[in-house]
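Student: Enclosed is the structure file target-v6.cif (mmCIF, C-alpha atoms and all ligand atoms).
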```cif
data_data
loop_
_atom_site.label_atom_id
_atom_site.label_comp_id
_atom_site.auth_asym_id
_atom_site.auth_seq_id
_atom_site.Cartn_x
_atom_site.Cartn_y
_atom_site.Cartn_z
CA MET M 566 -8.18 53.57 -11.33
CA ALA M 567 -10.99 54.64 -9.02
CA ASP M 568 -11.16 53.08 -5.58
CA SER M 569 -13.28 49.99 -5.26
CA ILE M 570 -16.61 50.60 -3.60
CA PHE M 571 -15.61 47.65 -1.41
CA LYS M 572 -12.40 49.41 -0.37
CA ARG M 573 -13.13 49.57 3.34
CA TYR M 574 -14.02 45.90 3.36
CA LEU M 575 -10.88 44.95 1.46
CA GLU M 576 -8.74 46.91 3.85
CA LYS M 577 -10.40 45.82 7.03
CA LYS M 578 -8.99 42.47 7.98
CA ASN M 579 -11.09 39.82 9.61
CA ASN M 580 -9.28 40.04 12.88
CA LEU M 581 -11.66 38.30 15.28
CA ILE M 582 -13.34 35.39 13.53
CA LYS M 583 -10.98 32.83 12.04
CA ASN M 584 -13.65 30.41 10.85
CA ARG M 585 -17.16 31.76 10.65
CA GLY M 586 -18.75 28.51 9.51
CA ILE M 587 -18.02 26.89 12.87
CA LEU M 588 -20.41 29.32 14.58
CA GLN M 589 -23.17 28.78 12.02
CA ALA M 590 -26.26 26.81 13.04
CA THR M 591 -25.73 24.39 10.15
CA TYR M 592 -22.23 23.39 11.28
CA VAL M 593 -21.99 19.80 12.48
CA PRO M 594 -19.70 19.74 15.53
CA ASP M 595 -17.32 16.81 15.93
CA VAL M 596 -18.18 16.40 19.62
CA LEU M 597 -21.54 16.71 21.32
CA LEU M 598 -20.87 17.66 24.91
CA HIS M 599 -23.15 16.74 27.81
CA ARG M 600 -25.27 14.38 25.80
CA ASP M 601 -23.47 11.11 26.65
CA TYR M 602 -26.49 9.74 28.42
CA GLN M 603 -28.90 10.43 25.55
CA ILE M 604 -26.41 9.17 22.97
CA GLU M 605 -25.94 5.95 24.88
CA GLU M 606 -29.66 5.41 25.29
CA ILE M 607 -30.26 5.79 21.56
CA VAL M 608 -27.26 3.59 20.75
CA ASP M 609 -28.60 0.84 23.06
CA ILE M 610 -31.98 0.96 21.38
CA VAL M 611 -30.84 1.02 17.73
CA ALA M 612 -27.86 -1.34 18.09
CA PRO M 613 -29.88 -4.53 17.36
CA SER M 614 -30.24 -3.27 13.77
CA LEU M 615 -26.56 -4.13 13.25
CA ASN M 616 -27.62 -7.79 13.62
CA LYS M 617 -30.73 -7.26 11.54
CA ASP M 618 -33.12 -7.20 14.48
CA LYS M 619 -35.80 -4.53 14.56
CA PRO M 620 -35.18 -1.83 17.21
CA SER M 621 -38.08 -0.29 19.15
CA ASN M 622 -39.56 2.93 17.85
CA ILE M 623 -38.40 5.99 19.76
CA ILE M 624 -39.96 9.33 20.49
CA ILE M 625 -37.51 12.08 21.40
CA ILE M 626 -38.79 15.12 23.25
CA GLY M 627 -36.93 18.27 24.21
CA GLN M 628 -37.12 22.03 23.86
CA THR M 629 -35.63 23.88 20.94
CA GLY M 630 -31.83 23.95 20.78
CA THR M 631 -31.28 21.03 23.14
CA GLY M 632 -29.34 19.00 20.58
CA LYS M 633 -32.00 16.52 19.44
CA THR M 634 -31.31 16.78 15.71
CA ALA M 635 -27.54 16.96 16.21
CA VAL M 636 -27.47 13.90 18.48
CA VAL M 637 -29.75 11.75 16.32
CA ASN M 638 -27.81 12.53 13.16
CA TYR M 639 -24.55 11.84 14.95
CA VAL M 640 -25.78 8.43 16.10
CA GLY M 641 -27.12 7.77 12.59
CA HIS M 642 -23.77 8.46 10.97
CA GLU M 643 -21.97 6.32 13.53
CA LEU M 644 -24.48 3.53 12.90
CA GLU M 645 -23.76 3.64 9.18
CA ARG M 646 -20.03 3.58 9.90
CA ALA M 647 -20.37 0.56 12.19
CA ASP M 648 -22.48 -1.20 9.57
CA ALA M 649 -20.23 -0.36 6.62
CA GLU M 650 -19.21 -3.98 6.07
CA ASN M 651 -22.34 -5.94 6.88
CA LYS M 652 -24.82 -3.50 5.38
CA ASN M 653 -27.64 -4.72 7.57
CA CYS M 654 -29.25 -1.32 8.11
CA ARG M 655 -30.08 2.01 6.53
CA TYR M 656 -30.44 5.37 8.24
CA ILE M 657 -32.94 7.78 6.69
CA TYR M 658 -33.56 11.34 7.91
CA VAL M 659 -36.59 13.46 7.00
CA ASN M 660 -37.30 16.95 8.35
CA CYS M 661 -41.08 17.27 8.47
CA GLU M 662 -40.93 21.03 8.78
CA VAL M 663 -39.50 21.26 5.28
CA ILE M 664 -40.98 18.08 3.82
CA ASP M 665 -44.45 18.62 5.08
CA THR M 666 -47.09 16.56 3.29
CA PRO M 667 -47.66 12.80 3.60
CA TYR M 668 -46.93 12.46 -0.13
CA SER M 669 -43.68 14.39 0.05
CA ILE M 670 -42.56 12.44 3.14
CA LEU M 671 -43.14 9.09 1.40
CA TYR M 672 -41.64 10.48 -1.82
CA ASN M 673 -38.57 11.64 0.04
CA ILE M 674 -38.03 8.35 1.88
CA SER M 675 -38.57 6.35 -1.32
CA ASN M 676 -36.15 8.36 -3.36
CA GLN M 677 -33.46 8.09 -0.68
CA ILE M 678 -33.76 4.31 -1.14
CA ILE M 679 -34.23 3.99 -4.91
CA THR M 680 -30.90 4.29 -6.65
CA ASP M 681 -32.00 3.64 -10.25
CA PRO M 682 -32.85 7.12 -11.66
CA ASN M 683 -35.39 5.57 -14.04
CA LYS M 684 -37.33 4.10 -11.15
CA LYS M 685 -37.54 7.23 -9.00
CA ILE M 686 -41.05 8.13 -7.86
CA PRO M 687 -42.58 11.19 -9.58
CA PHE M 688 -42.89 14.41 -7.63
CA THR M 689 -46.68 14.45 -7.97
CA GLY M 690 -49.45 12.42 -9.54
CA TRP M 691 -49.47 9.14 -7.63
CA SER M 692 -52.02 8.25 -4.99
CA LEU M 693 -50.78 7.86 -1.43
CA GLU M 694 -51.73 4.17 -1.56
CA LYS M 695 -49.64 3.64 -4.66
CA ILE M 696 -46.57 5.42 -3.38
CA PHE M 697 -46.87 3.62 -0.04
CA ASN M 698 -47.11 0.18 -1.67
CA GLU M 699 -44.21 0.97 -3.93
CA LEU M 700 -42.14 2.16 -0.95
CA ALA M 701 -42.95 -1.05 0.94
CA ASN M 702 -41.77 -3.10 -2.05
CA TYR M 703 -38.50 -1.24 -2.33
CA ILE M 704 -37.88 -1.50 1.39
CA ASP M 705 -38.58 -5.23 1.38
CA ASP M 706 -36.27 -5.83 -1.59
CA GLU M 707 -33.40 -4.32 0.37
CA ASN M 708 -33.65 -6.96 3.09
CA LYS M 709 -32.45 -4.59 5.80
CA ILE M 710 -33.45 -2.75 8.94
CA PHE M 711 -34.51 0.82 8.17
CA ILE M 712 -34.17 3.48 10.83
CA VAL M 713 -36.36 6.34 9.64
CA VAL M 714 -36.03 9.62 11.53
CA LEU M 715 -38.99 11.98 11.33
CA ASP M 716 -37.75 15.27 12.76
CA GLU M 717 -40.23 17.97 13.85
CA ILE M 718 -43.14 15.55 13.71
CA ASP M 719 -45.51 18.06 15.29
CA MET M 720 -45.12 20.23 12.15
CA SER M 721 -46.35 17.45 9.92
CA PHE M 722 -49.07 16.63 12.41
CA LYS M 723 -50.33 20.23 12.53
CA LYS M 724 -50.72 20.28 8.77
CA ASN M 725 -51.80 16.71 8.06
CA GLY M 726 -52.87 14.85 11.18
CA ASP M 727 -51.30 11.55 12.13
CA ASP M 728 -52.05 9.40 9.06
CA ILE M 729 -48.43 9.42 7.99
CA PHE M 730 -47.29 8.01 11.33
CA TYR M 731 -49.94 5.36 11.05
CA TYR M 732 -48.69 4.41 7.58
CA LEU M 733 -45.10 4.23 8.66
CA THR M 734 -45.65 2.41 11.94
CA THR M 735 -47.83 -0.23 10.27
CA ILE M 736 -45.59 -0.77 7.26
CA ASN M 737 -43.93 -3.75 8.98
CA GLU M 738 -47.14 -5.71 8.56
CA MET M 739 -46.56 -5.60 4.79
CA LEU M 740 -42.91 -6.62 4.90
CA LYS M 741 -41.37 -10.09 4.73
CA ASN M 742 -37.64 -9.42 4.73
CA SER M 743 -37.05 -5.89 5.98
CA ARG M 744 -38.20 -4.02 9.05
CA VAL M 745 -38.74 -0.29 9.68
CA SER M 746 -38.12 1.51 12.97
CA ILE M 747 -39.18 5.09 13.48
CA ILE M 748 -37.47 7.77 15.52
CA GLY M 749 -39.86 10.71 15.94
CA ILE M 750 -38.47 14.02 17.22
CA THR M 751 -40.49 16.90 18.63
CA ASN M 752 -39.87 20.03 20.70
CA ASN M 753 -43.45 20.11 21.86
CA SER M 754 -43.60 18.15 25.10
CA THR M 755 -47.38 18.00 25.26
CA PHE M 756 -47.64 16.98 21.62
CA ALA M 757 -47.16 13.27 22.13
CA GLU M 758 -49.58 13.09 25.06
CA LYS M 759 -52.23 15.44 23.79
CA PHE M 760 -52.42 15.16 20.06
CA LEU M 761 -51.33 11.76 18.90
CA SER M 762 -54.17 9.28 18.89
CA PRO M 763 -53.66 6.39 21.35
CA ARG M 764 -53.05 3.89 18.53
CA ILE M 765 -50.15 5.96 17.19
CA ARG M 766 -48.83 6.99 20.57
CA SER M 767 -48.34 3.43 21.74
CA ARG M 768 -46.69 2.43 18.46
CA LEU M 769 -44.47 5.46 18.08
CA GLY M 770 -43.52 5.90 21.71
CA GLU M 771 -42.24 2.42 22.55
CA GLU M 772 -39.24 4.21 23.97
CA LYS M 773 -39.24 7.82 25.08
CA ILE M 774 -36.10 9.89 25.52
CA VAL M 775 -36.13 13.38 27.00
CA PHE M 776 -33.51 16.02 26.19
CA PRO M 777 -33.43 18.44 29.15
CA PRO M 778 -32.48 22.10 28.61
CA TYR M 779 -28.75 22.77 28.94
CA THR M 780 -27.62 24.40 32.18
CA PRO M 781 -25.53 27.60 31.98
CA GLU M 782 -22.38 25.56 32.80
CA GLN M 783 -23.09 23.10 30.02
CA LEU M 784 -23.68 25.94 27.55
CA ILE M 785 -20.36 27.46 28.60
CA ASP M 786 -18.58 24.20 27.70
CA ILE M 787 -20.35 24.01 24.34
CA LEU M 788 -19.52 27.62 23.49
CA LYS M 789 -15.90 27.32 24.65
CA ASN M 790 -15.39 24.30 22.48
CA ARG M 791 -16.70 26.13 19.39
CA ALA M 792 -14.96 29.38 20.23
CA GLU M 793 -11.55 27.71 20.37
CA GLN M 794 -11.95 26.67 16.76
CA ALA M 795 -13.80 29.71 15.47
CA PHE M 796 -11.87 32.68 16.92
CA TYR M 797 -8.31 33.96 16.90
CA PRO M 798 -6.67 33.68 20.34
CA ASN M 799 -7.58 36.21 23.05
CA VAL M 800 -10.27 38.07 21.16
CA LEU M 801 -13.11 37.22 23.55
CA ASP M 802 -13.39 39.09 26.81
CA ASN M 803 -13.72 36.59 29.68
CA SER M 804 -17.27 37.69 30.38
CA VAL M 805 -18.58 36.99 26.86
CA ILE M 806 -19.13 33.23 26.93
CA PRO M 807 -20.64 33.10 30.45
CA TYR M 808 -22.91 35.99 29.51
CA CYS M 809 -24.11 34.34 26.27
CA ALA M 810 -24.66 31.12 28.23
CA ALA M 811 -26.58 32.86 31.03
CA ILE M 812 -28.91 34.64 28.60
CA SER M 813 -29.59 31.46 26.61
CA ALA M 814 -30.07 29.30 29.68
CA GLN M 815 -32.98 31.41 30.91
CA GLY M 816 -36.00 29.22 30.55
CA SER M 817 -34.91 27.21 27.58
CA GLY M 818 -31.26 26.11 27.82
CA ASP M 819 -30.98 26.62 24.09
CA ALA M 820 -27.58 25.91 22.49
CA ARG M 821 -28.68 27.35 19.15
CA LYS M 822 -29.55 30.66 20.78
CA ALA M 823 -26.24 30.69 22.64
CA LEU M 824 -24.28 30.10 19.42
CA ASP M 825 -26.32 32.73 17.54
CA LEU M 826 -25.61 35.26 20.28
CA LEU M 827 -21.90 34.56 20.18
CA ARG M 828 -21.73 34.78 16.38
CA ILE M 829 -23.79 37.98 16.13
CA SER M 830 -21.82 39.59 18.99
CA ALA M 831 -18.58 38.88 17.16
CA ASP M 832 -20.05 40.18 13.88
CA ILE M 833 -21.02 43.44 15.55
CA ALA M 834 -17.57 43.83 17.12
CA GLU M 835 -15.87 43.08 13.82
CA ARG M 836 -18.04 45.47 11.84
CA ASN M 837 -17.32 48.11 14.43
CA GLY M 838 -13.59 47.58 14.01
CA ASP M 839 -13.22 46.63 17.70
CA SER M 840 -10.28 44.49 18.70
CA ILE M 841 -12.09 42.33 21.25
CA VAL M 842 -15.64 41.12 21.79
CA THR M 843 -17.16 42.31 25.08
CA SER M 844 -20.44 41.81 26.93
CA ALA M 845 -21.60 45.15 25.49
CA HIS M 846 -21.53 43.52 22.04
CA VAL M 847 -23.56 40.66 23.48
CA ASP M 848 -26.17 43.18 24.69
CA TYR M 849 -26.40 44.65 21.20
CA ALA M 850 -26.61 41.19 19.70
CA ARG M 851 -29.41 40.23 22.03
CA GLN M 852 -31.37 43.36 21.13
CA LYS M 853 -30.79 42.73 17.46
CA ILE M 854 -32.12 39.17 17.76
CA GLU M 855 -35.18 40.42 19.65
CA LEU M 856 -35.78 43.18 17.13
CA ASP M 857 -35.47 40.76 14.20
CA ALA M 858 -38.10 38.60 15.88
CA VAL M 859 -40.40 41.61 16.27
CA VAL M 860 -39.92 42.51 12.59
CA GLU M 861 -40.93 38.97 11.65
CA VAL M 862 -44.05 39.17 13.81
CA ILE M 863 -45.07 42.58 12.45
CA LYS M 864 -44.84 41.22 8.91
CA THR M 865 -47.50 38.63 9.75
CA LEU M 866 -50.01 41.10 11.29
CA THR M 867 -53.26 41.95 9.50
CA ASP M 868 -53.91 45.55 8.41
CA GLN M 869 -56.29 46.09 11.33
CA SER M 870 -53.72 44.87 13.86
CA LYS M 871 -51.11 47.15 12.30
CA ILE M 872 -53.48 50.09 12.68
CA VAL M 873 -54.11 49.14 16.31
CA LEU M 874 -50.37 48.87 16.97
CA MET M 875 -49.79 52.25 15.35
CA SER M 876 -52.61 53.68 17.48
CA ILE M 877 -50.90 52.40 20.61
CA ILE M 878 -47.72 54.22 19.59
CA LYS M 879 -49.53 57.44 18.67
CA THR M 880 -51.75 57.67 21.76
CA PRO M 881 -50.40 60.20 24.27
CA SER M 882 -50.11 58.82 27.77
CA SER M 883 -52.15 60.50 30.49
CA ASN M 884 -50.06 59.20 33.41
CA ASP M 885 -46.42 59.24 34.51
CA THR M 886 -45.70 55.58 33.78
CA GLY M 887 -46.11 56.26 30.08
CA SER M 888 -48.72 53.55 29.65
CA VAL M 889 -52.00 53.99 27.78
CA THR M 890 -55.43 52.39 28.27
CA THR M 891 -57.54 50.44 25.80
CA GLY M 892 -60.10 53.27 25.78
CA GLU M 893 -57.49 55.89 24.93
CA VAL M 894 -56.06 53.69 22.19
CA TYR M 895 -59.52 53.12 20.78
CA THR M 896 -60.14 56.85 20.30
CA THR M 897 -56.90 57.16 18.33
CA TYR M 898 -57.67 53.97 16.44
CA VAL M 899 -61.10 55.16 15.22
CA GLU M 900 -59.60 58.35 13.85
CA LEU M 901 -56.61 56.64 12.27
CA SER M 902 -58.61 53.88 10.60
CA LYS M 903 -61.07 56.42 9.14
CA ASN M 904 -58.15 58.44 7.79
CA LEU M 905 -56.80 55.32 6.14
CA GLY M 906 -60.19 54.43 4.65
CA TYR M 907 -60.87 51.42 6.87
CA ASN M 908 -64.13 50.80 8.72
CA PRO M 909 -63.27 50.91 12.43
CA LEU M 910 -63.80 47.67 14.36
CA SER M 911 -65.69 47.66 17.66
CA GLN M 912 -63.81 48.42 20.88
CA ARG M 913 -64.21 44.81 21.92
CA MET M 914 -62.57 43.56 18.73
CA VAL M 915 -59.75 46.05 19.12
CA ALA M 916 -59.28 44.80 22.70
CA ASN M 917 -58.99 41.26 21.29
CA LEU M 918 -56.34 42.36 18.79
CA ILE M 919 -54.44 44.01 21.64
CA SER M 920 -54.54 40.73 23.61
CA GLU M 921 -53.29 38.87 20.54
CA MET M 922 -50.34 41.23 20.15
CA ASP M 923 -49.65 40.84 23.85
CA MET M 924 -49.43 37.08 23.36
CA LEU M 925 -47.10 37.56 20.40
CA GLY M 926 -44.86 39.55 22.73
CA ILE M 927 -44.78 42.86 20.83
CA ILE M 928 -46.63 44.78 23.53
CA THR M 929 -47.27 44.24 27.23
CA ALA M 930 -50.83 44.71 28.42
CA ARG M 931 -52.02 44.35 32.00
CA VAL M 932 -55.61 44.20 33.13
CA LYS M 933 -56.26 47.05 35.51
CA SER M 934 -59.35 47.48 37.67
CA PHE M 935 -60.79 50.88 38.31
CA GLY M 936 -62.63 52.10 41.42
CA ARG M 937 -66.01 52.41 39.82
CA GLY M 938 -66.07 48.76 38.86
CA GLY M 939 -64.84 49.36 35.31
CA ARG M 940 -62.08 47.23 33.91
CA THR M 941 -59.60 48.27 31.34
CA LYS M 942 -56.22 47.27 30.05
CA GLU M 943 -53.14 49.28 30.64
CA ILE M 944 -50.75 48.94 27.76
CA ASP M 945 -47.08 49.44 28.28
CA VAL M 946 -45.59 51.29 25.35
CA ASN M 947 -42.03 50.86 26.50
CA LYS M 948 -41.68 47.79 24.41
CA VAL M 949 -43.23 49.50 21.41
CA SER M 950 -40.01 51.21 20.62
CA ASN M 951 -38.91 53.73 18.11
CA ASP M 952 -37.75 50.86 15.94
CA VAL M 953 -41.17 49.27 15.85
CA PHE M 954 -42.52 52.66 14.78
CA SER M 955 -40.09 52.92 11.91
CA ILE M 956 -40.75 49.35 10.78
CA LEU M 957 -44.47 49.94 10.94
CA SER M 958 -44.50 53.38 9.30
CA SER M 959 -42.74 52.04 6.23
CA ASP M 960 -45.58 49.56 5.76
CA ASP M 961 -47.72 50.03 2.64
CA ILE M 962 -50.89 50.90 4.53
CA PHE M 963 -49.32 53.93 6.21
CA ARG M 964 -47.49 55.15 3.12
CA GLY M 965 -48.08 58.82 2.40
CA MET M 966 -49.46 59.54 5.88
CA ASN M 967 -47.87 62.12 8.09
CA LEU M 968 -47.02 60.01 11.12
CA ASN M 969 -44.00 61.94 12.16
CA GLN M 970 -45.42 63.76 15.11
CA LYS M 971 -43.00 63.48 17.95
CA LEU M 972 -43.26 60.19 19.81
CA LYS M 973 -43.88 60.61 23.49
CA LYS M 974 -41.68 57.73 24.49
CA GLN M 975 -38.59 56.77 22.60
CA THR M 976 -36.74 53.66 23.55
CA THR M 977 -33.99 52.89 21.13
CA LEU M 978 -33.01 49.31 20.64
CA MET M 979 -29.88 49.60 18.58
N1 LIG M 1001 -24.12 19.07 23.05
C1 LIG M 1001 -23.80 19.89 22.07
N2 LIG M 1001 -22.52 20.14 21.76
C2 LIG M 1001 -22.21 20.98 20.75
N3 LIG M 1001 -23.10 21.61 19.98
C3 LIG M 1001 -24.41 21.42 20.25
C4 LIG M 1001 -24.82 20.55 21.29
N4 LIG M 1001 -26.16 20.52 21.34
C5 LIG M 1001 -26.59 21.35 20.37
N5 LIG M 1001 -25.54 21.88 19.70
C6 LIG M 1001 -25.62 22.82 18.59
O1 LIG M 1001 -26.71 23.69 18.84
C7 LIG M 1001 -27.50 23.89 17.68
C8 LIG M 1001 -28.92 23.41 17.94
O2 LIG M 1001 -28.95 21.99 18.12
P1 LIG M 1001 -30.05 21.07 17.45
O3 LIG M 1001 -30.37 21.58 16.08
O4 LIG M 1001 -29.63 19.67 17.55
O5 LIG M 1001 -31.27 21.39 18.42
P2 LIG M 1001 -32.72 20.72 18.42
O6 LIG M 1001 -32.94 20.15 19.77
O7 LIG M 1001 -32.89 19.82 17.25
O8 LIG M 1001 -33.64 22.02 18.28
P3 LIG M 1001 -35.06 22.18 17.50
O9 LIG M 1001 -36.10 21.57 18.39
O10 LIG M 1001 -35.23 23.67 17.40
O11 LIG M 1001 -34.94 21.51 16.19
C9 LIG M 1001 -26.82 23.14 16.56
O12 LIG M 1001 -26.02 24.05 15.85
C10 LIG M 1001 -25.97 22.12 17.29
O13 LIG M 1001 -24.81 21.83 16.54
MG MG M 1002 -34.04 19.92 15.53
#
```
Produce structure tokens that represent the structure in this file.
Ligand SMILES: Nc1ncnc2c1ncn2[C@@H]1O[C@H](COP(=O)(O)OP(=O)(O)OP(=O)(O)O)[C@@H](O)[C@H]1O
Ligand SMILES: [Mg+2]

Tutor:
Amino acid sequence: MADSIFKRYLEKKNNLIKNRGILQATYVPDVLLHRDYQIEEIVDIVAPSLNKDKPSNIIIIGQTGTGKTAVVNYVGHELERADAENKNCRYIYVNCEVIDTPYSILYNISNQIITDPNKKIPFTGWSLEKIFNELANYIDDENKIFIVVLDEIDMSFKKNGDDIFYYLTTINEMLKNSRVSIIGITNNSTFAEKFLSPRIRSRLGEEKIVFPPYTPEQLIDILKNRAEQAFYPNVLDNSVIPYCAAISAQGSGDARKALDLLRISADIAERNGDSIVTSAHVDYARQKIELDAVVEVIKTLTDQSKIVLMSIIKTPSSNDTGSVTTGEVYTTYVELSKNLGYNPLSQRMVANLISEMDMLGIITARVKSFGRGGRTKEIDVNKVSNDVFSILSSDDIFRGMNLNQKLKKQTTLM
């Protein structure tokens, strides 16, 4: 029989990662380190629900990867466990990034409560008023305290405004037997102050809890704890966990990023057939994560921005730093867009697109003043690597064009 096309995978043993799932972002850890204070604060606030008293509403604020979702769900599960006998409360979790219209939020909450399949609320077709009244009835019939978590509330707000929070924070006025408390979670610290109207802010933010970024030491503890369960013994070089922690602590103290780095580093080492994971694998992993992010951004660019980006890559530098100016890019851009059958935009509009791409982080542009009072931008093409070129040149709009002139600057990411 012919060899399996999977032969090399069948033969190569998984010799580093014992349990991959433990490193996955969706894994629910059994301990949440360095969050005792936040856990206790939430517990103190929601505990009255065990005696059927309404807890204050809470707003939880913290940057991405600081454990907000993990902590709240942990407390929620513990609350349900503590209430298993008395059944005085219900914990309901809604992620507003996924469930993102007022109707779908109310629909989702309702159908977590309604057990009779014949009474479930239809997916579409009802007015908001009707679904809201129906939800209030069901909640009141239960004669309980409802803790409703609205995760990523800024997502819902961006799409729909704050009506849904108004509905849910005023629902108590319609209830006789039950009460509803809201826990709103956001990673946008200015969101609560800037965007919520005062009437909602005071209702929703009766209590405010901040999740600070993790320090490098805290991230090390979190990673060590996971690594012990996820890896075979002695497969991580001593530098790996501190290095992942240091990278992820910069600016954001993000546990998700730290775990992603560790998992991807180990994947790279394993695929390479290496017997231990080293900080070199972490460097590759970091570059891979950055490159993936760039690919995602490039996908969202308009045709004109893609042409501008390509022009930046194709413009020869006239100085030793390898950077190019807006004016130089514009000359290339006009030619390239004509070749592609697009009407060239004005230099000012192209300059705006360059600033936009700078903000998205795919290029670095600095304003540079010239002696004769002129002002131009100097664009650093270092970041616009070979990889960006290959991603971009496989795009539909450049198909069939001969773009393969030698690049003047080639920085390889992976
Ligand atoms: N203290 C901790 N101990 C162990 N694991 C943690 C801890 N904090 C966060 N994590 C893990 O890090 C990842 C990110 O955490 P989580 O999803 O709770 O972040 P978040 O603050 O909700 O971020 P976002 O704002 O992006 O939603 C999860 O996989 C979670 O299990
Ligand atoms: Mg979250």

Student: Hey, which of M:Ala810, M:Ile670, M:Ala701, M:Leu769 ends up closest to Met739 of chain M? Count all atoms listed in the file.

Tutor: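 Looking only at the distances to Met739 of chain M, the closest residue turns out to be M:Ala701.
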
Student: Grab the atom CA of Pro881 of chain M to atom CA of Ile928 of chain M distance for me, in Å with one decimal place.

Tutor: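 Rounded to one decimal, the two atoms are 15.9 Å apart.
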
Student: Rounded to one decimal in Å, what is the spacing between atom CA of Lys685 of chain M and atom CA of Phe697 of chain M?

Tutor: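 Computing it gives 13.4 Å between the two atoms.
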
Student: Between M:Tyr808, M:Leu918, M:Leu826, M:Ile956, which residue has the minimum interatomic distance to Leu856 of chain M, considering all atoms listed in the file?

Tutor: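 Among the listed residues, M:Ile956 lies closest to Leu856 of chain M.
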
Student: Closest to ligand MG 1002 (chain M) among M:Val659, M:Ile710, M:Ala916, M:Leu700, using all atoms listed in the file?

Tutor: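 Closest to ligand MG 1002 (chain M), using all atoms listed in the file: M:Val659.
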
Student: To one decimal place, how far is atom CA of Tyr672 of chain M from atom CA of Ser614 of chain M in Å?

Tutor: 23.7 Å

Student: Between M:Glu921, M:Glu699, M:Asp832, M:Asp945, which has the minimum distance to Asp885 of chain M (counting all atoms listed in the file)?

Tutor: M:Asp945

Student: Which residue, M:Ser902, M:Asp706, M:Ile718, M:Ala792, has the smallest gap to ligand MG 1002 (chain M) when you use all atoms listed in the file?

Tutor: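 Ranking M:Ser902, M:Asp706, M:Ile718, M:Ala792 by distance to ligand MG 1002 (chain M), first place goes to M:Ile718.
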
Student: Taking into account all atoms listed in the file, which residue in the set M:Asn803, M:Ile833, M:Leu715, M:Ser844 is nearest to ligand MG 1002 (chain M)?

Tutor: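 The shortest atom-to-atom distance to ligand MG 1002 (chain M) comes from M:Leu715.
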
Student: If I put a ball of radius 8 Å at (-36.3, -2.2, 8.1) in the file's coordinates, which residues poke into it when counting only C-alpha atoms, written as a list in words?

Tutor: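 Residues lying no farther than 8 Å from the given point: Lys619, Cys654, Arg655, Ile704, Asp705, Asn708, Lys709, Ile710, Phe711, Ile712, Asn737, Ser743, Arg744, Val745 and Ser746 of chain M.
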
Student: Please provide as a compact mmCIF listing (two decimals) with C-alpha atoms, keeping the file's coordinate frame all residues within 8 Å of segment 957-960 of chain M, with the sequence filter that same-chain residues fewer than 3 positions apart are discarded (counting all atoms listed in the file).

Tutor:
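Okay, this is what ended up in selection-v1.txt:
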```txt
# COMPACT_ATOMS: atom_id res chain seq x y z
CA ILE M 863 -45.07 42.58 12.45
CA LYS M 871 -51.11 47.15 12.30
CA MET M 875 -49.79 52.25 15.35
CA VAL M 953 -41.17 49.27 15.85
CA PHE M 954 -42.52 52.66 14.78
CA PHE M 963 -49.32 53.93 6.21
CA ARG M 964 -47.49 55.15 3.12
CA LEU M 968 -47.02 60.01 11.12
```

Student: For a cut-off of 12 Å around (-48.3, 15.1, 20.5), file coordinates, pick out all residues using all atoms listed in the file and list them as a PyMOL selection string.

Tutor: chain M and resi 624-626+717-723+726-727+730+749-763+765-767+769-770

Student: The selected residues should be written to file as a JSON list (two decimals), in the coordinates of the input (atoms: C-alpha atoms).

Tutor:
```json
[["chain", "number", "residue", "atom", "x", "y", "z"],
["M", 624, "ILE", "CA", -39.96, 9.33, 20.49],
["M", 625, "ILE", "CA", -37.51, 12.08, 21.40],
["M", 626, "ILE", "CA", -38.79, 15.12, 23.25],
["M", 717, "GLU", "CA", -40.23, 17.97, 13.85],
["M", 718, "ILE", "CA", -43.14, 15.55, 13.71],
["M", 719, "ASP", "CA", -45.51, 18.06, 15.29],
["M", 720, "MET", "CA", -45.12, 20.23, 12.15],
["M", 721, "SER", "CA", -46.35, 17.45, 9.92],
["M", 722, "PHE", "CA", -49.07, 16.63, 12.41],
["M", 723, "LYS", "CA", -50.33, 20.23, 12.53],
["M", 726, "GLY", "CA", -52.87, 14.85, 11.18],
["M", 727, "ASP", "CA", -51.30, 11.55, 12.13],
["M", 730, "PHE", "CA", -47.29, 8.01, 11.33],
["M", 749, "GLY", "CA", -39.86, 10.71, 15.94],
["M", 750, "ILE", "CA", -38.47, 14.02, 17.22],
["M", 751, "THR", "CA", -40.49, 16.90, 18.63],
["M", 752, "ASN", "CA", -39.87, 20.03, 20.70],
["M", 753, "ASN", "CA", -43.45, 20.11, 21.86],
["M", 754, "SER", "CA", -43.60, 18.15, 25.10],
["M", 755, "THR", "CA", -47.38, 18.00, 25.26],
["M", 756, "PHE", "CA", -47.64, 16.98, 21.62],
["M", 757, "ALA", "CA", -47.16, 13.27, 22.13],
["M", 758, "GLU", "CA", -49.58, 13.09, 25.06],
["M", 759, "LYS", "CA", -52.23, 15.44, 23.79],
["M", 760, "PHE", "CA", -52.42, 15.16, 20.06],
["M", 761, "LEU", "CA", -51.33, 11.76, 18.90],
["M", 762, "SER", "CA", -54.17, 9.28, 18.89],
["M", 763, "PRO", "CA", -53.66, 6.39, 21.35],
["M", 765, "ILE", "CA", -50.15, 5.96, 17.19],
["M", 766, "ARG", "CA", -48.83, 6.99, 20.57],
["M", 767, "SER", "CA", -48.34, 3.43, 21.74],
["M", 769, "LEU", "CA", -44.47, 5.46, 18.08],
["M", 770, "GLY", "CA", -43.52, 5.90, 21.71]]
```
